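Participant: One file is attached below, work_5.txt, containing compact mmCIF, C-alpha atoms and all ligand atoms.
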```txt
# COMPACT_ATOMS: atom_id res chain seq x y z
CA MET A 1 -26.58 6.71 -22.43
CA LYS A 2 -28.07 8.88 -19.67
CA VAL A 3 -25.53 9.89 -17.04
CA LEU A 4 -25.91 11.61 -13.67
CA VAL A 5 -23.00 13.31 -11.88
CA VAL A 6 -23.43 13.79 -8.12
CA GLY A 7 -21.81 16.94 -6.68
CA SER A 8 -21.62 20.68 -7.29
CA GLY A 9 -17.97 21.64 -7.70
CA GLY A 10 -15.44 22.25 -10.45
CA ARG A 11 -14.59 18.55 -10.30
CA GLU A 12 -18.13 17.60 -11.22
CA PHE A 13 -18.28 20.32 -13.89
CA SER A 14 -15.14 18.89 -15.50
CA ILE A 15 -16.51 15.33 -15.49
CA GLY A 16 -19.70 16.73 -17.03
CA LEU A 17 -17.72 18.67 -19.63
CA ALA A 18 -15.97 15.47 -20.74
CA LEU A 19 -19.30 13.61 -20.84
CA SER A 20 -20.92 16.44 -22.82
CA LYS A 21 -18.35 15.86 -25.59
CA ASP A 22 -18.89 12.11 -25.51
CA ARG A 23 -21.10 10.91 -28.39
CA ALA A 24 -22.39 7.97 -26.37
CA VAL A 25 -24.01 10.34 -23.85
CA SER A 26 -27.49 11.51 -24.79
CA HIS A 27 -28.61 13.11 -21.50
CA LEU A 28 -26.61 14.63 -18.69
CA TYR A 29 -27.80 15.43 -15.16
CA PHE A 30 -26.13 16.97 -12.10
CA ALA A 31 -27.27 16.55 -8.51
CA PRO A 32 -27.35 19.22 -7.28
CA GLY A 33 -24.92 20.84 -9.77
CA ASN A 34 -24.06 24.54 -9.78
CA GLY A 35 -24.94 27.70 -11.70
CA ALA A 36 -22.86 26.57 -14.67
CA THR A 37 -23.49 22.81 -14.87
CA SER A 38 -26.98 23.83 -16.02
CA MET A 39 -25.27 24.85 -19.30
CA LEU A 40 -24.18 21.22 -19.78
CA GLY A 41 -27.23 19.34 -18.54
CA ALA A 42 -30.11 19.40 -16.09
CA ASN A 43 -29.59 20.26 -12.42
CA VAL A 44 -31.53 18.00 -10.08
CA ALA A 45 -32.25 19.00 -6.47
CA TYR A 46 -32.65 16.13 -4.02
CA GLU A 47 -33.51 15.62 -0.38
CA SER A 48 -32.10 12.16 0.24
CA TYR A 49 -30.14 9.49 -1.60
CA GLU A 50 -33.30 7.38 -1.73
CA ALA A 51 -35.10 10.25 -3.47
CA LEU A 52 -32.23 10.61 -5.92
CA LEU A 53 -32.35 6.89 -6.63
CA ALA A 54 -36.07 7.19 -7.39
CA TYR A 55 -35.28 10.02 -9.85
CA VAL A 56 -32.64 7.84 -11.52
CA GLN A 57 -35.10 4.96 -11.89
CA GLN A 58 -37.95 7.15 -13.13
CA ASN A 59 -35.74 8.79 -15.76
CA GLY A 60 -33.97 5.64 -16.93
CA ILE A 61 -30.50 6.97 -16.02
CA ASP A 62 -27.90 4.36 -16.97
CA LEU A 63 -24.94 5.48 -14.91
CA THR A 64 -24.37 7.62 -11.80
CA ILE A 65 -20.90 9.01 -11.07
CA VAL A 66 -20.25 10.33 -7.57
CA GLY A 67 -17.81 13.26 -7.22
CA PRO A 68 -17.41 14.19 -3.53
CA GLU A 69 -16.48 12.06 -0.51
CA GLN A 70 -19.43 12.93 1.72
CA PRO A 71 -22.13 10.95 -0.15
CA LEU A 72 -19.69 8.04 -0.56
CA VAL A 73 -18.90 7.89 3.14
CA GLU A 74 -22.64 8.17 3.81
CA GLY A 75 -23.35 5.12 1.65
CA ILE A 76 -24.91 6.42 -1.58
CA VAL A 77 -23.28 3.56 -3.51
CA ASP A 78 -24.76 0.92 -1.19
CA ILE A 79 -28.23 2.41 -1.58
CA PHE A 80 -28.00 2.48 -5.40
CA ARG A 81 -26.45 -0.99 -5.67
CA ALA A 82 -29.17 -2.51 -3.50
CA ALA A 83 -31.63 -1.37 -6.19
CA ASN A 84 -29.39 -2.57 -9.07
CA ALA A 85 -28.65 0.97 -10.26
CA THR A 86 -25.22 1.28 -11.91
CA ILE A 87 -23.08 3.67 -9.89
CA PHE A 88 -19.38 4.54 -9.95
CA GLY A 89 -17.77 4.93 -6.53
CA PRO A 90 -16.78 2.99 -3.43
CA THR A 91 -19.23 1.51 -0.93
CA ALA A 92 -19.37 3.06 2.54
CA ALA A 93 -17.14 0.25 3.81
CA ALA A 94 -14.49 0.98 1.16
CA ALA A 95 -14.87 4.76 1.59
CA ARG A 96 -13.55 4.39 5.14
CA LEU A 97 -10.12 4.71 3.51
CA GLU A 98 -10.93 8.43 3.45
CA GLY A 99 -13.66 8.67 6.09
CA SER A 100 -11.40 7.50 8.90
CA LYS A 101 -7.69 8.28 8.96
CA VAL A 102 -7.31 5.72 11.75
CA TYR A 103 -8.83 3.02 9.52
CA MET A 104 -6.56 4.09 6.65
CA LYS A 105 -3.35 4.10 8.73
CA ASN A 106 -4.14 0.72 10.31
CA PHE A 107 -4.93 -0.69 6.85
CA LEU A 108 -1.61 0.58 5.47
CA ALA A 109 0.27 -0.92 8.42
CA LYS A 110 -1.57 -4.27 8.13
CA TYR A 111 -0.70 -4.67 4.45
CA ALA A 112 2.86 -3.27 4.77
CA ILE A 113 2.20 -0.33 2.46
CA PRO A 114 4.80 2.40 3.08
CA THR A 115 3.51 5.29 5.22
CA ALA A 116 4.81 7.67 7.90
CA ALA A 117 5.46 6.18 11.37
CA TYR A 118 2.45 6.97 13.59
CA ILE A 119 0.28 6.20 16.53
CA GLU A 120 -3.49 6.37 16.63
CA THR A 121 -5.06 7.09 19.97
CA ASP A 122 -7.88 8.70 21.92
CA SER A 123 -5.67 9.08 24.98
CA ILE A 124 -3.93 12.39 25.59
CA GLU A 125 -1.28 10.70 27.74
CA LYS A 126 -0.37 8.22 24.98
CA ALA A 127 -0.20 11.01 22.40
CA TYR A 128 2.04 13.14 24.66
CA LYS A 129 4.34 10.18 25.30
CA PHE A 130 4.70 9.53 21.56
CA ILE A 131 5.37 13.23 20.93
CA ASP A 132 7.98 13.37 23.72
CA ALA A 133 9.78 10.39 22.19
CA MET A 134 9.87 11.88 18.67
CA LYS A 135 13.35 12.74 17.48
CA SER A 136 12.56 15.67 15.22
CA THR A 137 10.05 18.38 14.37
CA PRO A 138 7.74 19.28 12.65
CA ILE A 139 5.21 16.78 13.98
CA VAL A 140 1.99 16.01 12.12
CA VAL A 141 -1.31 15.77 14.03
CA LYS A 142 -4.45 14.57 12.20
CA ALA A 143 -8.06 14.32 13.26
CA ASP A 144 -9.59 10.93 12.48
CA GLY A 145 -12.75 11.99 10.64
CA LEU A 146 -13.71 14.23 7.73
CA CYS A 147 -12.87 17.89 8.46
CA GLY A 148 -13.26 19.50 5.04
CA GLY A 149 -9.50 19.41 4.44
CA LYS A 150 -8.68 21.24 7.70
CA GLY A 151 -7.97 18.29 9.98
CA VAL A 152 -4.19 18.16 9.51
CA ILE A 153 -1.86 20.28 11.64
CA ILE A 154 1.85 20.47 10.85
CA ALA A 155 3.15 21.47 14.31
CA GLN A 156 6.51 23.19 14.37
CA SER A 157 7.28 22.24 17.98
CA LYS A 158 6.40 19.53 20.48
CA ASP A 159 4.38 22.07 22.48
CA GLU A 160 2.32 23.01 19.44
CA ALA A 161 1.75 19.32 18.64
CA LYS A 162 0.50 18.72 22.20
CA ARG A 163 -1.77 21.74 22.01
CA SER A 164 -3.28 20.47 18.74
CA VAL A 165 -3.82 17.01 20.20
CA GLY A 166 -5.54 18.58 23.23
CA GLU A 167 -7.83 20.70 21.07
CA MET A 168 -8.79 17.73 18.91
CA LEU A 169 -9.35 15.15 21.65
CA SER A 170 -11.43 17.55 23.73
CA GLY A 171 -13.73 18.05 20.73
CA VAL A 172 -12.98 21.81 20.64
CA ALA A 173 -11.29 21.76 17.25
CA PHE A 174 -13.36 19.36 15.13
CA GLY A 175 -16.11 17.91 17.34
CA GLU A 176 -16.62 14.17 16.93
CA ALA A 177 -14.19 13.98 13.97
CA GLY A 178 -11.29 14.79 16.32
CA LYS A 179 -12.12 12.38 19.15
CA LYS A 180 -9.39 10.09 17.85
CA VAL A 181 -6.11 11.39 16.46
CA ILE A 182 -3.10 10.28 14.49
CA VAL A 183 0.30 11.63 15.47
CA GLU A 184 2.94 10.95 12.85
CA GLU A 185 6.41 11.77 11.65
CA TYR A 186 6.85 14.60 9.19
CA LEU A 187 7.96 13.50 5.72
CA ASP A 188 10.22 15.83 3.82
CA GLY A 189 10.00 15.36 0.08
CA TYR A 190 7.83 16.33 -2.86
CA GLU A 191 4.15 15.63 -2.99
CA LEU A 192 2.19 13.98 -5.80
CA SER A 193 -1.47 13.32 -6.46
CA MET A 194 -1.89 9.91 -8.08
CA PHE A 195 -5.23 8.51 -9.21
CA ALA A 196 -6.22 4.95 -10.00
CA ILE A 197 -9.64 4.20 -11.45
CA CYS A 198 -10.54 0.86 -9.85
CA ASP A 199 -13.21 -1.78 -10.34
CA GLY A 200 -12.40 -3.82 -7.24
CA LYS A 201 -9.81 -5.96 -9.02
CA ASP A 202 -8.32 -4.11 -11.98
CA TYR A 203 -7.23 -0.49 -12.21
CA ILE A 204 -6.05 2.22 -14.55
CA LEU A 205 -3.40 4.59 -13.28
CA LEU A 206 -3.74 8.16 -14.54
CA PRO A 207 -0.83 10.52 -15.26
CA ALA A 208 0.64 11.87 -12.01
CA ALA A 209 -0.36 15.41 -10.99
CA GLN A 210 0.86 18.01 -8.53
CA ASP A 211 -1.52 20.18 -6.55
CA HIS A 212 -0.71 23.56 -4.92
CA LYS A 213 -2.35 23.49 -1.50
CA ARG A 214 -1.23 26.81 0.00
CA ILE A 215 -3.08 30.02 -0.77
CA GLY A 216 0.01 32.09 -1.64
CA ASP A 217 2.74 32.07 -4.27
CA GLY A 218 5.83 30.10 -3.29
CA ASP A 219 3.66 27.78 -1.15
CA THR A 220 3.01 30.35 1.59
CA GLY A 221 0.00 31.01 3.82
CA PRO A 222 -2.71 28.62 4.97
CA ASN A 223 -3.77 25.38 3.28
CA THR A 224 -6.69 25.42 0.86
CA GLY A 225 -8.54 22.72 -1.05
CA GLY A 226 -6.00 23.35 -3.85
CA MET A 227 -5.15 26.51 -5.81
CA GLY A 228 -3.95 24.89 -9.01
CA ALA A 229 -2.57 21.71 -10.49
CA TYR A 230 -0.75 20.35 -13.49
CA ALA A 231 -0.16 16.97 -15.12
CA PRO A 232 1.66 14.92 -16.12
CA THR A 233 4.51 15.92 -13.86
CA PRO A 234 8.05 15.27 -15.13
CA LEU A 235 8.99 14.53 -11.49
CA VAL A 236 7.65 11.00 -12.04
CA ASP A 237 9.43 8.47 -14.24
CA GLU A 238 8.54 4.89 -15.13
CA THR A 239 10.45 3.53 -12.12
CA LEU A 240 8.35 5.60 -9.74
CA TYR A 241 5.08 4.66 -11.49
CA THR A 242 6.07 1.00 -11.14
CA LYS A 243 6.89 1.41 -7.45
CA VAL A 244 3.51 3.05 -6.83
CA LYS A 245 1.72 0.25 -8.68
CA LYS A 246 3.56 -2.63 -7.00
CA ARG A 247 3.97 -1.26 -3.50
CA VAL A 248 0.81 0.78 -3.11
CA ILE A 249 -2.07 0.21 -5.54
CA GLU A 250 -1.87 -3.56 -5.99
CA PRO A 251 -1.50 -4.36 -2.26
CA THR A 252 -4.35 -1.93 -1.56
CA LEU A 253 -6.73 -3.62 -3.99
CA ILE A 254 -5.80 -7.06 -2.65
CA GLY A 255 -6.02 -5.82 0.95
CA MET A 256 -9.46 -4.31 0.44
CA GLN A 257 -10.66 -7.59 -1.10
CA LYS A 258 -9.42 -9.41 1.99
CA GLU A 259 -11.17 -6.88 4.20
CA GLY A 260 -14.41 -7.72 2.40
CA ALA A 261 -14.64 -4.22 0.92
CA PRO A 262 -13.26 -4.41 -2.66
CA PHE A 263 -12.30 -0.92 -3.76
CA GLU A 264 -14.32 0.45 -6.68
CA GLY A 265 -14.07 4.08 -7.70
CA VAL A 266 -11.23 6.57 -7.74
CA LEU A 267 -8.37 5.75 -5.40
CA PHE A 268 -6.58 9.07 -4.83
CA ILE A 269 -3.15 8.45 -3.35
CA GLY A 270 -1.47 11.40 -1.70
CA VAL A 271 2.17 10.42 -2.16
CA MET A 272 5.27 11.97 -0.62
CA VAL A 273 8.40 11.01 -2.52
CA VAL A 274 11.31 10.85 -0.09
CA ALA A 275 14.72 9.98 -1.54
CA GLY A 276 13.06 8.41 -4.59
CA GLU A 277 10.67 6.25 -2.56
CA PRO A 278 6.89 6.76 -2.65
CA ILE A 279 5.31 6.96 0.81
CA VAL A 280 1.54 7.20 1.28
CA LEU A 281 0.42 10.37 3.07
CA GLU A 282 -3.24 9.59 2.76
CA TYR A 283 -5.96 8.06 0.66
CA ASN A 284 -9.01 9.78 -0.69
CA VAL A 285 -11.78 7.85 -2.37
CA ARG A 286 -12.62 10.36 -5.11
CA PHE A 287 -10.95 12.62 -7.63
CA GLY A 288 -8.96 15.57 -6.31
CA ASP A 289 -10.17 19.05 -7.03
CA PRO A 290 -8.56 20.79 -9.00
CA GLU A 291 -6.70 17.68 -10.19
CA CYS A 292 -9.82 16.28 -11.87
CA GLU A 293 -10.20 19.44 -13.94
CA ILE A 294 -6.78 18.89 -15.54
CA LEU A 295 -6.93 15.10 -15.84
CA MET A 296 -10.31 14.85 -17.56
CA PRO A 297 -9.14 16.79 -20.66
CA LEU A 298 -6.05 14.57 -20.93
CA MET A 299 -8.14 11.40 -21.27
CA THR A 300 -8.83 10.46 -24.87
CA THR A 301 -10.90 7.39 -24.02
CA PRO A 302 -14.59 8.38 -23.88
CA ALA A 303 -15.42 9.21 -20.26
CA SER A 304 -18.72 7.30 -20.29
CA GLU A 305 -16.94 4.13 -21.34
CA LEU A 306 -14.28 4.43 -18.66
CA PHE A 307 -16.72 5.08 -15.81
CA TYR A 308 -19.30 2.56 -17.02
CA LYS A 309 -16.70 -0.22 -17.34
CA ALA A 310 -15.28 0.65 -13.92
CA ALA A 311 -18.77 0.59 -12.40
CA THR A 312 -19.51 -2.82 -13.92
CA LYS A 313 -16.26 -4.58 -13.01
CA SER A 314 -15.00 -4.77 -16.57
CA LEU A 315 -11.95 -2.52 -16.64
CA ASP A 316 -9.85 -5.44 -17.87
CA ALA A 317 -11.65 -5.12 -21.20
CA LEU A 318 -10.66 -1.47 -21.65
CA GLN A 319 -7.60 0.09 -23.26
CA VAL A 320 -7.38 3.65 -21.90
CA THR A 321 -5.54 6.25 -23.90
CA PHE A 322 -4.19 9.64 -22.88
CA SER A 323 -3.34 12.69 -24.88
CA SER A 324 0.35 13.53 -25.25
CA GLN A 325 -0.35 17.09 -24.05
CA TYR A 326 0.10 18.72 -20.66
CA ALA A 327 -2.64 20.44 -18.69
CA VAL A 328 -2.32 23.27 -16.18
CA GLY A 329 -5.22 24.48 -14.04
CA VAL A 330 -5.25 27.83 -12.24
CA VAL A 331 -7.89 28.24 -9.54
CA MET A 332 -9.61 31.58 -9.17
CA ALA A 333 -11.04 32.08 -5.70
CA SER A 334 -13.10 34.75 -3.96
CA ALA A 335 -11.52 37.56 -1.94
CA ASN A 336 -11.78 36.01 1.53
CA TYR A 337 -10.92 32.42 0.61
CA PRO A 338 -9.88 30.36 2.61
CA TYR A 339 -10.64 32.48 5.70
CA GLY A 340 -14.35 33.13 5.28
CA ASN A 341 -17.27 33.92 3.04
CA SER A 342 -17.12 36.56 0.35
CA GLN A 343 -19.74 38.81 -1.16
CA SER A 344 -21.33 37.48 -4.28
CA ALA A 345 -19.97 39.12 -7.45
CA GLN A 346 -20.86 38.95 -11.12
CA ILE A 347 -18.46 37.02 -13.35
CA ILE A 348 -17.64 38.48 -16.75
CA VAL A 349 -15.68 36.37 -19.22
CA ASP A 350 -14.31 38.27 -22.22
CA GLU A 351 -14.89 36.59 -25.53
CA VAL A 352 -11.82 34.66 -26.66
CA HIS A 353 -11.01 35.72 -30.22
CA HIS A 354 -7.69 33.98 -30.49
CA GLU A 355 -8.46 30.62 -32.08
CA GLU A 356 -5.47 28.84 -30.61
CA LEU A 357 -6.52 29.88 -27.11
CA ALA A 358 -10.15 29.01 -27.72
CA HIS A 359 -9.14 25.48 -28.72
CA ASN A 360 -6.64 24.94 -25.95
CA ALA A 361 -8.14 26.56 -22.88
CA HIS A 362 -11.45 26.44 -21.04
CA ILE A 363 -13.06 27.15 -17.71
CA SER A 364 -14.40 24.65 -15.17
CA TYR A 365 -16.91 26.35 -12.89
CA ALA A 366 -17.22 25.59 -9.17
CA GLY A 367 -18.53 28.20 -6.68
CA VAL A 368 -21.03 29.86 -8.99
CA SER A 369 -24.76 30.43 -9.18
CA GLU A 370 -27.00 31.78 -11.87
CA VAL A 371 -29.10 34.81 -10.97
CA ASP A 372 -31.34 36.48 -13.58
CA GLY A 373 -29.17 35.16 -16.40
CA MET A 374 -25.97 36.40 -14.76
CA LEU A 375 -23.24 34.07 -13.55
CA MET A 376 -22.30 34.99 -9.98
CA ALA A 377 -19.20 34.05 -7.95
CA THR A 378 -20.59 32.80 -4.65
CA GLY A 379 -17.37 32.36 -2.69
CA GLY A 380 -14.69 29.78 -2.06
CA ARG A 381 -13.02 28.42 -5.15
CA VAL A 382 -15.03 29.94 -7.97
CA LEU A 383 -13.57 28.43 -11.14
CA VAL A 384 -10.50 26.84 -12.69
CA CYS A 385 -8.86 28.11 -15.87
CA VAL A 386 -7.41 25.12 -17.69
CA GLY A 387 -4.75 25.39 -20.39
CA LEU A 388 -3.52 22.58 -22.62
CA GLY A 389 -0.23 22.55 -24.48
CA ASP A 390 2.62 20.53 -25.92
CA THR A 391 4.83 21.68 -23.06
CA ILE A 392 4.03 22.61 -19.47
CA GLN A 393 5.10 26.18 -20.22
CA GLN A 394 2.68 26.41 -23.14
CA ALA A 395 -0.18 24.90 -21.13
CA ARG A 396 0.53 27.27 -18.28
CA ASP A 397 0.72 30.34 -20.55
CA ARG A 398 -2.68 29.40 -22.00
CA ALA A 399 -4.22 28.88 -18.55
CA TYR A 400 -3.03 32.32 -17.46
CA LEU A 401 -4.14 33.93 -20.74
CA MET A 402 -7.59 32.48 -20.08
CA ALA A 403 -7.44 33.75 -16.49
CA GLY A 404 -6.83 37.23 -17.88
CA GLN A 405 -10.19 37.02 -19.66
CA VAL A 406 -12.10 36.42 -16.41
CA HIS A 407 -13.28 39.23 -14.15
CA PHE A 408 -15.12 39.41 -10.85
CA ALA A 409 -14.73 41.62 -7.81
CA GLY A 410 -12.12 40.27 -5.39
CA LYS A 411 -10.79 37.54 -7.70
CA LYS A 412 -7.67 35.93 -6.37
CA MET A 413 -5.25 33.38 -7.84
CA ARG A 414 -1.69 32.12 -7.55
CA THR A 415 0.70 33.23 -10.26
CA ASP A 416 3.16 30.33 -10.00
CA ILE A 417 1.21 27.16 -10.78
CA ALA A 418 3.49 24.35 -12.07
CA TYR A 419 6.63 26.10 -10.81
CA GLN A 420 8.00 22.77 -9.55
CA ALA A 421 8.01 21.35 -13.07
CA LEU A 422 9.35 24.47 -14.76
CA ARG A 423 12.22 24.65 -12.26
CA ILE A 424 13.60 21.30 -13.39
CA GLN A 425 13.00 21.66 -17.13
P1 LIG A 501 -4.24 15.46 4.19
O1 LIG A 501 -5.49 16.20 4.59
O2 LIG A 501 -4.00 14.19 4.93
O3 LIG A 501 -4.10 15.42 2.70
O4 LIG A 501 -3.02 16.38 4.59
C1 LIG A 501 -2.95 17.68 4.14
C2 LIG A 501 -1.56 18.02 3.75
O5 LIG A 501 -0.70 17.96 4.89
C3 LIG A 501 -0.93 17.04 2.78
O6 LIG A 501 -1.31 17.30 1.48
C4 LIG A 501 0.54 17.27 3.03
O7 LIG A 501 0.97 18.43 2.34
C5 LIG A 501 0.59 17.54 4.50
N1 LIG A 501 0.95 16.33 5.25
C6 LIG A 501 0.11 15.37 5.74
N2 LIG A 501 0.80 14.41 6.37
C7 LIG A 501 2.11 14.75 6.30
C8 LIG A 501 3.34 14.15 6.76
N3 LIG A 501 3.35 13.02 7.46
N4 LIG A 501 4.48 14.79 6.46
C9 LIG A 501 4.50 15.94 5.76
N5 LIG A 501 3.38 16.56 5.31
C10 LIG A 501 2.21 15.98 5.57
N1 LIG A 502 -6.82 18.86 -4.27
C1 LIG A 502 -6.79 17.96 -3.19
C2 LIG A 502 -8.08 17.38 -2.83
O1 LIG A 502 -9.03 17.40 -3.58
O2 LIG A 502 -8.19 16.84 -1.74
```
For the file at hand, write its structure as structure tokens.

Facilitator:
Amino acid sequence: MKVLVVGSGGREFSIGLALSKDRAVSHLYFAPGNGATSMLGANVAYESYEALLAYVQQNGIDLTIVGPEQPLVEGIVDIFRAANATIFGPTAAAARLEGSKVYMKNFLAKYAIPTAAYIETDSIEKAYKFIDAMKSTPIVVKADGLCGGKGVIIAQSKDEAKRSVGEMLSGVAFGEAGKKVIVEEYLDGYELSMFAICDGKDYILLPAAQDHKRIGDGDTGPNTGGMGAYAPTPLVDETLYTKVKKRVIEPTLIGMQKEGAPFEGVLFIGVMVVAGEPIVLEYNVRFGDPECEILMPLMTTPASELFYKAATKSLDALQVTFSSQYAVGVVMASANYPYGNSQSAQIIVDEVHHEELAHNAHISYAGVSEVDGMLMATGGRVLVCVGLGDTIQQARDRAYLMAGQVHFAGKKMRTDIAYQALRIQ
């Protein structure tokens, strides 16, 4: 089978890594890929989704898997489907679950799926009135559209919440994406990343993960795209998995069918668990990054089979299996992340001589390019060191041992990934 992965991050590298070990996959392509995906397959530059579709048809590619939200929201799946090309991901209509927070919140309310109390509005007066009536702080203010993970403000006071609303609605903060806002209650609990692979009707729930969004140890400093993750988390038991299935995933799949936009692809549920109850913070319509990097190695079902069956509405015919191990991923970012760009720096990875480490740890590359045979860190989140183990502690130790083998100027990482799990064990 010939498979194309759309995207250029660590998420797409990790999907490619799983596919590269899959015997059913004969050819692997990335569009556009990064400086390291070229070690796994061919990088393909493209100008438009139509041009990419033509490449897929000319090269007899059997399956396209879309990593990031942007092409999904822009309708890549619709374009491929119209030409009968097999593609894994939601249509533009279904991708509105991520593309518009207003659409998502109204959908959750319509189908009685638990979420934080909110209003959606484009009126500053209405937003102020709602804020004035709120009984407690912090207050959460969200821009409607895609803002590269920066569109959520946790305001510590009513004044700050009003300021954020003003900056969004005036277009100063996020342009068009902020012309409508959500104001909602703050939920105090622990956060989970849950992923369901969906084919419109059936789904497979993956082991629950926890991300580490803040840049600094102990969850301090500004939010990032994610500085590390681990799975499965012992914070989730069978009761909670069942609640998420019955109260969130199943009503969502039925609701999207009723809306005429059956959900196919990865449903990423940002869950806040408050007093044992799962409450939906948000939906994304793709894998999380770095969550994908730790979940892919835990799947023992061949990746091509899973994605192909999901893309052809036949998940009911698949028995998915997971490894009994744990995975921990530690993100290594460039010096100025998440504030700004960083100078490009050469990456040196020491050879791993220890066999146990070599078999149980690896690197997923993200912000890298290849220049004259050298691998360069080009800024942002550069790579993820992934460790696998029979316990979270063992997986974490291996991830950090691997991280010790990696060098580039200005490298930066958190030292406490998976602390939530280790605290309770
Ligand atoms: P989002 O971009 O919607 O994922 O939000 C970014 C982060 O803000 C989430 O991962 C949460 O940590 C936090 N957040 C969003 N909404 C709420 C809420 N209602 N209560 C508490 N934290 C929230
Ligand atoms: N790691 C969270 C995200 O990908 O949105």

Participant: With a distance cut-off of 9 Å and only C-alpha atoms, select the neighbouring residues of Ala229 in chain A, excluding the residue or stretch itself and same-chain residues fewer than 5 positions from it, and output the selection as a list in words.

Facilitator: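 The contact residues come out as Ala209, Gln210, Asp211, His212, Asp289, Pro290, Glu291, Glu293, Ile294, Ala327, Val328, Gly329, Val330, Val331, Ile417 and Ala418 of chain A.
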
Participant: Measure the distance from CA of Val248 in chain A to CA of Glu74 in chain A in Å and round it to one decimal.

Facilitator: 25.5 Å

Participant: Which one of A:Pro232, A:Pro297, A:Gly404, A:Pro114 sits closest to ligand LIG 501 (chain A) if you count all atoms listed in the file?

Facilitator: A:Pro114

Participant: From the list A:Leu240, A:Gly340, A:Cys292, A:Leu19, which residue is nearest Ala275 in chain A when using only C-alpha atoms?

Facilitator: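 That would be A:Leu240, the residue with the smallest distance to Ala275 in chain A.
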
Participant: Taking all atoms listed in the file into account, list the residues no farther than 6 Å from ligand LIG 501 (chain A), as a PyMOL selection string.

Facilitator: chain A and resi 116+140+149+152+184-187+281-282

Participant: Nearest residue to ligand LIG 502 (chain A) out of A:Met272, A:Leu315, A:Met168, A:Met227, using only C-alpha atoms and all ligand atoms?

Facilitator: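 Among the listed residues, the smallest separation from ligand LIG 502 (chain A) belongs to A:Met227.
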
Participant: Would you please work out which residue, of A:Ser344, A:Thr242, A:Ser334, A:Ser304, is nearest to Ala24 in chain A when using only C-alpha atoms?

Facilitator: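 Under the stated criterion, the closest residue is A:Ser304.
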
Participant: Ranking A:Thr252, A:Asn284, A:Asn59, A:Asn84 by minimum distance to ligand LIG 502 (chain A) and counting all atoms listed in the file, which one comes first?

Facilitator: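 Of A:Thr252, A:Asn284, A:Asn59, A:Asn84, the one nearest ligand LIG 502 (chain A) is A:Asn284, counting all atoms listed in the file.
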
Participant: If you count all atoms listed in the file, which residues fall within 9 Å of Thr415 in chain A, apart from same-chain ones fewer than 6 positions away, as a VMD selection string?

Facilitator: chain A and resid 216 to 217 330 400

Participant: Could you state the separation of CA of Ala117 in chain A and CA of Gly178 in chain A in Å, given to one decimal place?

Facilitator: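 Value for the CA of Ala117 in chain A-CA of Gly178 in chain A distance: 19.5 Å.
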
Participant: Can you tell me which residues surround Val274 in chain A at a distance of at most 10 Å, considering all atoms listed in the file, apart from same-chain residues fewer than 4 positions away, and format the answer as number ranges by chain?

Facilitator: A: 187-191, 278-279
